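A.B. asks: I have a structure I would like to understand better, so I am pasting it below and will then ask my questions one at a time.
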Amino acid sequence: MFDLTDKCALVTGASGGIGSAIAKAFAARGAKVVLTGTRREALDKVAAEIEAVAPGKAVVIAANLSDAAETDRLAAEAEAAMGKIDILVNNAGLTRDGLAMRMKDDDWQTVIDVNLTAAFRLTRAVMRGMMKRRTGRVIGISSVVGVAGNPGQANYAASKAGLIGMTKSLAHELASRGITVNCIAPGMIATPMTDVLTDEQRQRMFASIPAGRFGLPEDIAAAAVFLAGDEAAYVTGQTIHVNGGMAMI
């Protein structure tokens with residue numbers, strides 16, 4: 001089960017905790033993976049870790065997804081490098097937090113451009129090949145915030161909610177061609193950002209999570225592996241919530 005041999009995947013935001021975990025999980029199951037992000041050195045490190053256990057499975061293409069031309073270049077270079085893209089994981093995301101009253105237009109637009117618009121442009125770019133082959137998987141990494149909201153994150157919540165809505169529309173459009181489009185909505189996941197929290201802050205957050213802990217990047221990767229495989233061929237237009245019970249939706 002969950003064999004991705006001969007599949008080619010493009011994972012955005014692959015230098016971060018969740019993105020790198022997804023890329024490694026795909027490669028471990030036989031997929032070739034294009035790793036992309038803005039931090040070339042970090043991407044090369046992830047690629048080296050993959051190559052150490054799965055030689056020939058990782059390609060690095062750095063790109064800044066806030067730039068439309070860069071996004072289009074990424075899609076073209078990824079397909080040229082792999083010959084095809086069977087799986088697209090729209091994981092890249094950033095935050096520019098602030099109360100709405102004080103939020104600058106640039107802080108709003110940058111978050112929307114990277115988290116949502118780039119995901120649309122990449123999906124549009126790879127879907128033509130998927131449609132010709134009559135198979136494909138598109139996976140968006142949304143957030144519990146995209147469903148529940150969060151003060152100080154109007155831009156981020158809007159982008160993640162938009163990803164869910166876009167996913168449903170694309171699922172309708174592409175299902176007849178054998179292409180599934182789904183989202184994963186993580187809750188609180190252990191990353192370098194959570195490492196700086198004090199014990200008191202951690203305990204306060206744990207109190208709101210029935211599982212009593214933060215999730216791991218590997219928890220998100222496991223859901224991505226499922227959605228990427230043949231076993232999920234009848235799952236489309238869905239959002240899988242991986243949040244330890246933080247929001248039971």
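By order of appearance in the structure tokens: chains A, B, ..., then residues from 1 within every chain, and ligands from 1 in the order shown.
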As an mmCIF file with all heavy atoms, in the first residue's frame, which residues of segment 2-114 of chain A does DSSP assign to strand (DSSP E or B)?

C.D. replies:
data_model
loop_
_atom_site.group_PDB
_atom_site.id
_atom_site.type_symbol
_atom_site.label_atom_id
_atom_site.label_comp_id
_atom_site.auth_asym_id
_atom_site.auth_seq_id
_atom_site.Cartn_x
_atom_site.Cartn_y
_atom_site.Cartn_z
ATOM 1 N N CYS A 8 6.114 11.364 -9.952
ATOM 2 C CA CYS A 8 6.945 12.560 -9.848
ATOM 3 C C CYS A 8 6.150 13.644 -9.126
ATOM 4 O O CYS A 8 5.020 13.952 -9.521
ATOM 5 C CB CYS A 8 7.359 13.059 -11.227
ATOM 6 S SG CYS A 8 8.367 11.870 -12.150
ATOM 7 N N ALA A 9 6.736 14.207 -8.095
ATOM 8 C CA ALA A 9 6.024 15.164 -7.252
ATOM 9 C C ALA A 9 6.774 16.495 -7.199
ATOM 10 O O ALA A 9 8.006 16.536 -7.238
ATOM 11 C CB ALA A 9 5.871 14.613 -5.839
ATOM 12 N N LEU A 10 6.006 17.569 -7.105
ATOM 13 C CA LEU A 10 6.544 18.904 -6.865
ATOM 14 C C LEU A 10 6.020 19.370 -5.517
ATOM 15 O O LEU A 10 4.803 19.437 -5.309
ATOM 16 C CB LEU A 10 6.091 19.864 -7.970
ATOM 17 C CG LEU A 10 6.354 21.365 -7.760
ATOM 18 C CD1 LEU A 10 7.835 21.642 -7.554
ATOM 19 C CD2 LEU A 10 5.801 22.168 -8.932
ATOM 20 N N VAL A 11 6.936 19.668 -4.604
ATOM 21 C CA VAL A 11 6.565 20.090 -3.250
ATOM 22 C C VAL A 11 7.086 21.500 -3.024
ATOM 23 O O VAL A 11 8.309 21.726 -3.015
ATOM 24 C CB VAL A 11 7.131 19.140 -2.177
ATOM 25 C CG1 VAL A 11 6.734 19.617 -0.785
ATOM 26 C CG2 VAL A 11 6.648 17.714 -2.415
ATOM 27 N N LYS A 32 9.946 10.417 -7.217
ATOM 28 C CA LYS A 32 10.956 11.441 -7.450
ATOM 29 C C LYS A 32 10.330 12.778 -7.051
ATOM 30 O O LYS A 32 9.160 13.020 -7.331
ATOM 31 C CB LYS A 32 11.381 11.472 -8.908
ATOM 32 C CG LYS A 32 12.130 10.227 -9.364
ATOM 33 C CD LYS A 32 12.558 10.348 -10.812
ATOM 34 C CE LYS A 32 13.327 9.114 -11.263
ATOM 35 N NZ LYS A 32 13.752 9.209 -12.689
ATOM 36 N N VAL A 33 11.124 13.640 -6.418
ATOM 37 C CA VAL A 33 10.562 14.860 -5.844
ATOM 38 C C VAL A 33 11.356 16.095 -6.258
ATOM 39 O O VAL A 33 12.584 16.112 -6.139
ATOM 40 C CB VAL A 33 10.530 14.782 -4.307
ATOM 41 C CG1 VAL A 33 9.788 15.980 -3.726
ATOM 42 C CG2 VAL A 33 9.878 13.484 -3.835
ATOM 43 N N VAL A 34 10.642 17.099 -6.752
ATOM 44 C CA VAL A 34 11.231 18.420 -6.964
ATOM 45 C C VAL A 34 10.998 19.229 -5.698
ATOM 46 O O VAL A 34 9.850 19.413 -5.270
ATOM 47 C CB VAL A 34 10.598 19.145 -8.165
ATOM 48 C CG1 VAL A 34 11.142 20.575 -8.262
ATOM 49 C CG2 VAL A 34 10.874 18.394 -9.460
ATOM 50 N N LEU A 35 12.086 19.686 -5.096
ATOM 51 C CA LEU A 35 12.017 20.503 -3.888
ATOM 52 C C LEU A 35 12.152 21.962 -4.289
ATOM 53 O O LEU A 35 13.095 22.331 -4.991
ATOM 54 C CB LEU A 35 13.157 20.148 -2.930
ATOM 55 C CG LEU A 35 13.395 18.663 -2.641
ATOM 56 C CD1 LEU A 35 14.678 18.492 -1.845
ATOM 57 C CD2 LEU A 35 12.226 18.067 -1.902
ATOM 58 N N ALA A 58 15.769 13.263 -5.711
ATOM 59 C CA ALA A 58 15.540 14.659 -5.350
ATOM 60 C C ALA A 58 16.166 15.619 -6.350
ATOM 61 O O ALA A 58 17.313 15.440 -6.773
ATOM 62 C CB ALA A 58 16.078 14.941 -3.952
ATOM 63 N N VAL A 59 15.398 16.632 -6.726
ATOM 64 C CA VAL A 59 15.871 17.717 -7.587
ATOM 65 C C VAL A 59 15.508 19.027 -6.902
ATOM 66 O O VAL A 59 14.399 19.157 -6.364
ATOM 67 C CB VAL A 59 15.209 17.663 -8.976
ATOM 68 C CG1 VAL A 59 15.555 18.899 -9.794
ATOM 69 C CG2 VAL A 59 15.622 16.397 -9.712
ATOM 70 N N VAL A 60 16.410 19.990 -6.912
ATOM 71 C CA VAL A 60 16.167 21.293 -6.282
ATOM 72 C C VAL A 60 15.987 22.366 -7.349
ATOM 73 O O VAL A 60 16.814 22.486 -8.256
ATOM 74 C CB VAL A 60 17.328 21.681 -5.345
ATOM 75 C CG1 VAL A 60 17.163 23.119 -4.858
ATOM 76 C CG2 VAL A 60 17.411 20.725 -4.165
ATOM 77 N N ILE A 87 2.100 14.620 -8.951
ATOM 78 C CA ILE A 87 1.619 15.070 -7.635
ATOM 79 C C ILE A 87 2.125 16.487 -7.398
ATOM 80 O O ILE A 87 3.331 16.741 -7.502
ATOM 81 C CB ILE A 87 2.148 14.155 -6.510
ATOM 82 C CG1 ILE A 87 1.810 12.694 -6.770
ATOM 83 C CG2 ILE A 87 1.614 14.613 -5.154
ATOM 84 C CD1 ILE A 87 2.679 11.707 -5.994
ATOM 85 N N LEU A 88 1.220 17.391 -7.085
ATOM 86 C CA LEU A 88 1.597 18.750 -6.702
ATOM 87 C C LEU A 88 1.165 18.985 -5.272
ATOM 88 O O LEU A 88 -0.004 18.790 -4.933
ATOM 89 C CB LEU A 88 0.909 19.775 -7.616
ATOM 90 C CG LEU A 88 1.023 21.244 -7.186
ATOM 91 C CD1 LEU A 88 2.468 21.708 -7.193
ATOM 92 C CD2 LEU A 88 0.156 22.131 -8.083
ATOM 93 N N VAL A 89 2.100 19.399 -4.435
ATOM 94 C CA VAL A 89 1.785 19.760 -3.055
ATOM 95 C C VAL A 89 2.019 21.253 -2.878
ATOM 96 O O VAL A 89 3.162 21.722 -2.897
ATOM 97 C CB VAL A 89 2.632 18.975 -2.035
ATOM 98 C CG1 VAL A 89 2.252 19.378 -0.610
ATOM 99 C CG2 VAL A 89 2.431 17.468 -2.220
ATOM 100 N N ASN A 90 0.938 22.001 -2.744
ATOM 101 C CA ASN A 90 1.010 23.443 -2.527
ATOM 102 C C ASN A 90 1.138 23.704 -1.019
ATOM 103 O O ASN A 90 0.152 23.908 -0.320
ATOM 104 C CB ASN A 90 -0.237 24.123 -3.093
ATOM 105 C CG ASN A 90 -0.233 24.166 -4.605
ATOM 106 O OD1 ASN A 90 0.746 24.576 -5.217
ATOM 107 N ND2 ASN A 90 -1.328 23.727 -5.225
#

A.B. asks: Which residues come within 8 Å of segment 66-79 of chain A, counting only C-alpha atoms, excluding same-chain residues fewer than 4 positions away, as a list in words?

C.D. replies: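 Contacts, with the query itself left out: Leu10, Val34, Ile61, Ala62, Gly83, Lys84, Ile85, Thr110, Asp113, Val114, Ala118, Arg121, Leu122, Ala125 and Val126 of chain A.
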
A.B. asks: Segment 153-163 of chain A: which residues within 7 Å, counting only C-alpha atoms, same-chain residues fewer than 2 positions away excluded, as a PDB file with N, CA and C atoms, in the first residue's frame?

C.D. replies:
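New file selection_16.pdb:
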ATOM      1  N   THR A  95       3.511  34.221   6.772  1.00  0.00           N
ATOM      2  CA  THR A  95       2.620  35.047   7.583  1.00  0.00           C
ATOM      3  C   THR A  95       3.147  36.472   7.623  1.00  0.00           C
ATOM      4  N   ASP A  97       1.585  38.821  10.228  1.00  0.00           N
ATOM      5  CA  ASP A  97       0.516  39.003  11.207  1.00  0.00           C
ATOM      6  C   ASP A  97       0.363  40.457  11.650  1.00  0.00           C
ATOM      7  N   GLY A  98      -0.872  40.780  12.013  1.00  0.00           N
ATOM      8  CA  GLY A  98      -1.165  42.110  12.546  1.00  0.00           C
ATOM      9  C   GLY A  98      -2.664  42.318  12.596  1.00  0.00           C
ATOM     10  N   ALA A 100      -6.208  43.822  11.902  1.00  0.00           N
ATOM     11  CA  ALA A 100      -6.707  44.314  10.622  1.00  0.00           C
ATOM     12  C   ALA A 100      -6.643  45.835  10.517  1.00  0.00           C
ATOM     13  N   TRP A 108      -1.077  42.292   3.426  1.00  0.00           N
ATOM     14  CA  TRP A 108      -2.223  41.508   2.941  1.00  0.00           C
ATOM     15  C   TRP A 108      -1.867  40.818   1.629  1.00  0.00           C
ATOM     16  N   VAL A 111       0.845  37.839   1.464  1.00  0.00           N
ATOM     17  CA  VAL A 111       0.343  36.565   1.990  1.00  0.00           C
ATOM     18  C   VAL A 111      -0.609  35.904   0.990  1.00  0.00           C
ATOM     19  N   ILE A 112      -1.500  36.669   0.410  1.00  0.00           N
ATOM     20  CA  ILE A 112      -2.421  36.123  -0.581  1.00  0.00           C
ATOM     21  C   ILE A 112      -1.657  35.619  -1.808  1.00  0.00           C
ATOM     22  N   ASN A 115       0.475  32.323  -0.598  1.00  0.00           N
ATOM     23  CA  ASN A 115      -0.294  31.214  -0.027  1.00  0.00           C
ATOM     24  C   ASN A 115      -1.417  30.734  -0.940  1.00  0.00           C
ATOM     25  N   LEU A 116      -1.964  31.622  -1.745  1.00  0.00           N
ATOM     26  CA  LEU A 116      -3.143  31.266  -2.540  1.00  0.00           C
ATOM     27  C   LEU A 116      -2.921  31.408  -4.041  1.00  0.00           C
ATOM     28  N   GLY A 140      -3.326  20.632  -1.245  1.00  0.00           N
ATOM     29  CA  GLY A 140      -3.054  21.938  -0.670  1.00  0.00           C
ATOM     30  C   GLY A 140      -2.889  21.828   0.832  1.00  0.00           C
ATOM     31  N   SER A 142      -3.589  23.663   3.906  1.00  0.00           N
ATOM     32  CA  SER A 142      -4.361  24.774   4.449  1.00  0.00           C
ATOM     33  C   SER A 142      -3.992  24.938   5.925  1.00  0.00           C
ATOM     34  N   SER A 143      -4.968  25.180   6.784  1.00  0.00           N
ATOM     35  CA  SER A 143      -4.695  25.367   8.214  1.00  0.00           C
ATOM     36  C   SER A 143      -6.010  25.358   8.974  1.00  0.00           C
ATOM     37  N   VAL A 145      -6.684  27.484  10.973  1.00  0.00           N
ATOM     38  CA  VAL A 145      -7.027  28.902  10.970  1.00  0.00           C
ATOM     39  C   VAL A 145      -7.917  29.258   9.780  1.00  0.00           C
ATOM     40  N   GLY A 146      -7.782  28.518   8.688  1.00  0.00           N
ATOM     41  CA  GLY A 146      -8.609  28.769   7.512  1.00  0.00           C
ATOM     42  C   GLY A 146     -10.061  28.417   7.728  1.00  0.00           C
ATOM     43  N   VAL A 147     -10.340  27.662   8.765  1.00  0.00           N
ATOM     44  CA  VAL A 147     -11.711  27.271   9.094  1.00  0.00           C
ATOM     45  C   VAL A 147     -12.206  28.012  10.329  1.00  0.00           C
ATOM     46  N   GLY A 149     -10.503  30.699  11.910  1.00  0.00           N
ATOM     47  CA  GLY A 149     -10.074  32.078  12.049  1.00  0.00           C
ATOM     48  C   GLY A 149      -9.130  32.251  13.225  1.00  0.00           C
ATOM     49  N   ASN A 150      -8.471  33.421  13.256  1.00  0.00           N
ATOM     50  CA  ASN A 150      -7.558  33.704  14.353  1.00  0.00           C
ATOM     51  C   ASN A 150      -7.293  35.207  14.387  1.00  0.00           C
ATOM     52  N   PRO A 151      -7.463  35.847  15.529  1.00  0.00           N
ATOM     53  CA  PRO A 151      -7.230  37.292  15.582  1.00  0.00           C
ATOM     54  C   PRO A 151      -5.791  37.631  15.219  1.00  0.00           C
ATOM     55  N   GLY A 165     -11.658  26.609  -0.564  1.00  0.00           N
ATOM     56  CA  GLY A 165     -12.686  26.868  -1.565  1.00  0.00           C
ATOM     57  C   GLY A 165     -12.207  26.565  -2.967  1.00  0.00           C
ATOM     58  N   MET A 166     -10.975  26.951  -3.272  1.00  0.00           N
ATOM     59  CA  MET A 166     -10.404  26.660  -4.585  1.00  0.00           C
ATOM     60  C   MET A 166     -10.312  25.154  -4.819  1.00  0.00           C
ATOM     61  N   THR A 167      -9.922  24.437  -3.786  1.00  0.00           N
ATOM     62  CA  THR A 167      -9.809  22.981  -3.874  1.00  0.00           C
ATOM     63  C   THR A 167     -11.130  22.346  -4.269  1.00  0.00           C
TER      64      THR A 167
END

A.B. asks: Neighbours of Ala228 of chain A within 10 Å (only C-alpha atoms; same-chain residues fewer than 3 positions away dropped), as a PyMOL selection string?

C.D. replies: chain A and resi 2-4+7+9+26+86-89+136-139+180-182+222-225+231-233

A.B. asks: Would you output that residue set with N, CA, C and O atoms, as a CSV table (one decimal), in the first residue's frame?

C.D. replies:
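As a result, again26.csv now contains:
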chain,number,residue,atom,x,y,z
A,2,PHE,N,0.3,2.4,-0.5
A,2,PHE,CA,0.9,3.7,-0.5
A,2,PHE,C,2.3,3.7,-1.2
A,2,PHE,O,3.2,4.3,-0.8
A,3,ASP,N,2.3,2.9,-2.4
A,3,ASP,CA,3.5,2.9,-3.2
A,3,ASP,C,3.4,4.0,-4.2
A,3,ASP,O,2.5,4.1,-5.0
A,4,LEU,N,4.5,4.8,-4.2
A,4,LEU,CA,4.5,6.0,-5.2
A,4,LEU,C,5.6,5.8,-6.2
A,4,LEU,O,6.1,6.8,-6.8
A,7,LYS,N,6.2,7.8,-9.6
A,7,LYS,CA,5.5,9.1,-9.6
A,7,LYS,C,6.5,10.2,-9.4
A,7,LYS,O,7.5,10.0,-8.8
A,9,ALA,N,6.7,14.2,-8.1
A,9,ALA,CA,6.0,15.2,-7.3
A,9,ALA,C,6.8,16.5,-7.2
A,9,ALA,O,8.0,16.5,-7.2
A,26,PHE,N,7.5,11.0,0.5
A,26,PHE,CA,7.2,10.6,-0.9
A,26,PHE,C,8.4,9.8,-1.4
A,26,PHE,O,8.2,8.8,-2.1
A,86,ASP,N,3.1,14.3,-11.5
A,86,ASP,CA,1.9,13.5,-11.1
A,86,ASP,C,1.3,14.0,-9.8
A,86,ASP,O,0.1,13.9,-9.6
A,87,ILE,N,2.1,14.6,-9.0
A,87,ILE,CA,1.6,15.1,-7.6
A,87,ILE,C,2.1,16.5,-7.4
A,87,ILE,O,3.3,16.7,-7.5
A,88,LEU,N,1.2,17.4,-7.1
A,88,LEU,CA,1.6,18.8,-6.7
A,88,LEU,C,1.2,19.0,-5.3
A,88,LEU,O,0.0,18.8,-4.9
A,89,VAL,N,2.1,19.4,-4.4
A,89,VAL,CA,1.8,19.8,-3.1
A,89,VAL,C,2.0,21.3,-2.9
A,89,VAL,O,3.2,21.7,-2.9
A,136,GLY,N,-3.8,12.3,-11.6
A,136,GLY,CA,-3.0,13.3,-11.0
A,136,GLY,C,-3.5,13.6,-9.6
A,136,GLY,O,-4.7,13.2,-9.2
A,137,ARG,N,-2.7,14.2,-8.8
A,137,ARG,CA,-3.0,14.5,-7.4
A,137,ARG,C,-2.6,15.9,-7.1
A,137,ARG,O,-1.4,16.3,-7.3
A,138,VAL,N,-3.5,16.7,-6.6
A,138,VAL,CA,-3.2,18.1,-6.1
A,138,VAL,C,-3.5,18.1,-4.6
A,138,VAL,O,-4.7,17.8,-4.3
A,139,ILE,N,-2.6,18.5,-3.8
A,139,ILE,CA,-2.8,18.6,-2.4
A,139,ILE,C,-2.4,20.0,-1.9
A,139,ILE,O,-1.2,20.4,-2.0
A,180,THR,N,-7.5,14.1,-8.5
A,180,THR,CA,-8.1,14.4,-7.3
A,180,THR,C,-7.5,15.7,-6.7
A,180,THR,O,-6.3,15.9,-6.9
A,181,VAL,N,-8.3,16.5,-6.0
A,181,VAL,CA,-7.8,17.8,-5.4
A,181,VAL,C,-8.3,17.8,-4.0
A,181,VAL,O,-9.5,17.8,-3.8
A,182,ASN,N,-7.4,17.9,-3.1
A,182,ASN,CA,-7.7,17.8,-1.7
A,182,ASN,C,-6.8,18.8,-0.8
A,182,ASN,O,-5.8,19.2,-1.3
A,222,ALA,N,2.1,11.9,6.6
A,222,ALA,CA,1.3,10.7,6.5
A,222,ALA,C,0.0,10.9,5.8
A,222,ALA,O,-0.4,10.1,4.9
A,223,ALA,N,-0.7,12.0,6.0
A,223,ALA,CA,-1.9,12.3,5.3
A,223,ALA,C,-1.6,12.6,3.9
A,223,ALA,O,-2.4,12.2,3.0
A,224,ALA,N,-0.5,13.3,3.6
A,224,ALA,CA,-0.2,13.6,2.2
A,224,ALA,C,0.1,12.3,1.4
A,224,ALA,O,-0.3,12.2,0.2
A,225,VAL,N,0.8,11.4,2.0
A,225,VAL,CA,1.1,10.1,1.4
A,225,VAL,C,-0.2,9.4,1.0
A,225,VAL,O,-0.3,8.9,-0.1
A,231,GLU,N,-4.7,4.6,-3.3
A,231,GLU,CA,-5.7,4.3,-2.3
A,231,GLU,C,-6.7,5.4,-2.1
A,231,GLU,O,-7.8,5.2,-1.6
A,232,ALA,N,-6.4,6.7,-2.5
A,232,ALA,CA,-7.2,7.8,-2.3
A,232,ALA,C,-7.9,8.3,-3.6
A,232,ALA,O,-8.4,9.4,-3.7
A,233,ALA,N,-8.0,7.4,-4.6
A,233,ALA,CA,-8.5,7.7,-5.9
A,233,ALA,C,-10.0,8.2,-5.8
A,233,ALA,O,-10.5,8.9,-6.7

A.B. asks: Let's see if you can do this: from backbone DSSP, list all alpha helix (DSSP H) residues in segment 103-211 of chain A, as number ranges by chain.

C.D. replies: A: 105-112, 118-133, 145-148, 154-174, 192-195, 199-206

A.B. asks: Can you work out which one of A:Ala23, A:Met246, A:Cys183, A:Ala175 has the shortest atom-to-atom distance to Met205 of chain A, counting only C-alpha atoms?

C.D. replies: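 Closest candidate: A:Met246.
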
A.B. asks: From the set A:Val196, A:Ala31, A:Gly17, A:Gly152, which residue has the shortest atom-to-atom contact distance to Gly215 of chain A, counting only C-alpha atoms?

C.D. replies: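 When distances to Gly215 of chain A are compared using only C-alpha atoms, the smallest one comes from A:Gly17.
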
A.B. asks: If you count only C-alpha atoms, which residues fall within 7 Å of Arg177 of chain A, apart from same-chain ones fewer than 3 positions away, as a PyMOL selection string?

C.D. replies: chain A and resi 131+134-135+174

A.B. asks: Take the residues that were just selected and, keeping C-alpha atoms, output them as a short mmCIF file (atom, residue, chain, number, x, y, z; two decimals), in the first residue's frame.

C.D. replies:
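This is the output file selection12.cif:
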data_model
loop_
_atom_site.label_atom_id
_atom_site.label_comp_id
_atom_site.auth_asym_id
_atom_site.auth_seq_id
_atom_site.Cartn_x
_atom_site.Cartn_y
_atom_site.Cartn_z
CA MET A 131 -5.52 15.81 -17.82
CA ARG A 134 -5.96 11.18 -16.99
CA THR A 135 -4.41 10.94 -13.56
CA LEU A 174 -10.99 17.72 -12.70
#

A.B. asks: Counting only C-alpha atoms, what is within 7 Å of Ala21 of chain A, bar same-chain residues fewer than 3 positions away, as a list in words?

C.D. replies: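 The residues satisfying every condition are Gly17, Ile18, Lys24, Ala25, Pro217, Glu218 and Ala221 of chain A.
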
A.B. asks: Which of these residues is nearest to Leu43 of chain A, using only C-alpha atoms: A:Thr12, A:Thr236, A:Gln203, A:Ser176?

C.D. replies: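 Checking each candidate against Leu43 of chain A, we get A:Thr12 as the closest.
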
A.B. asks: Near Asp44 of chain A, within 9 Å and counting only C-alpha atoms, which residues show up once chain neighbours fewer than 3 positions away are dropped, as a list in words?

C.D. replies: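 Within the cut-off, the hits are Ser15, Leu35, Arg39, Arg40, Glu41, Ala47, Ala48, Glu49, Val59 and Val60 of chain A.
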
A.B. asks: Here is a test: counting only C-alpha atoms, which residue of A:His241, A:Arg133, A:Lys168, A:Arg124 is nearest to Ala185 of chain A?

C.D. replies: A:His241

A.B. asks: Between atom CA of Gln201 of chain A and atom CA of Met188 of chain A, what is the distance, to one decimal in Å?

C.D. replies: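 If I compute the distance from atom CA of Gln201 of chain A to atom CA of Met188 of chain A, I get 12.7 Å.
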
A.B. asks: Could you state the separation of atom CA of Glu200 of chain A and atom CA of Phe214 of chain A in Å, given to one decimal place?

C.D. replies: 14.2 Å
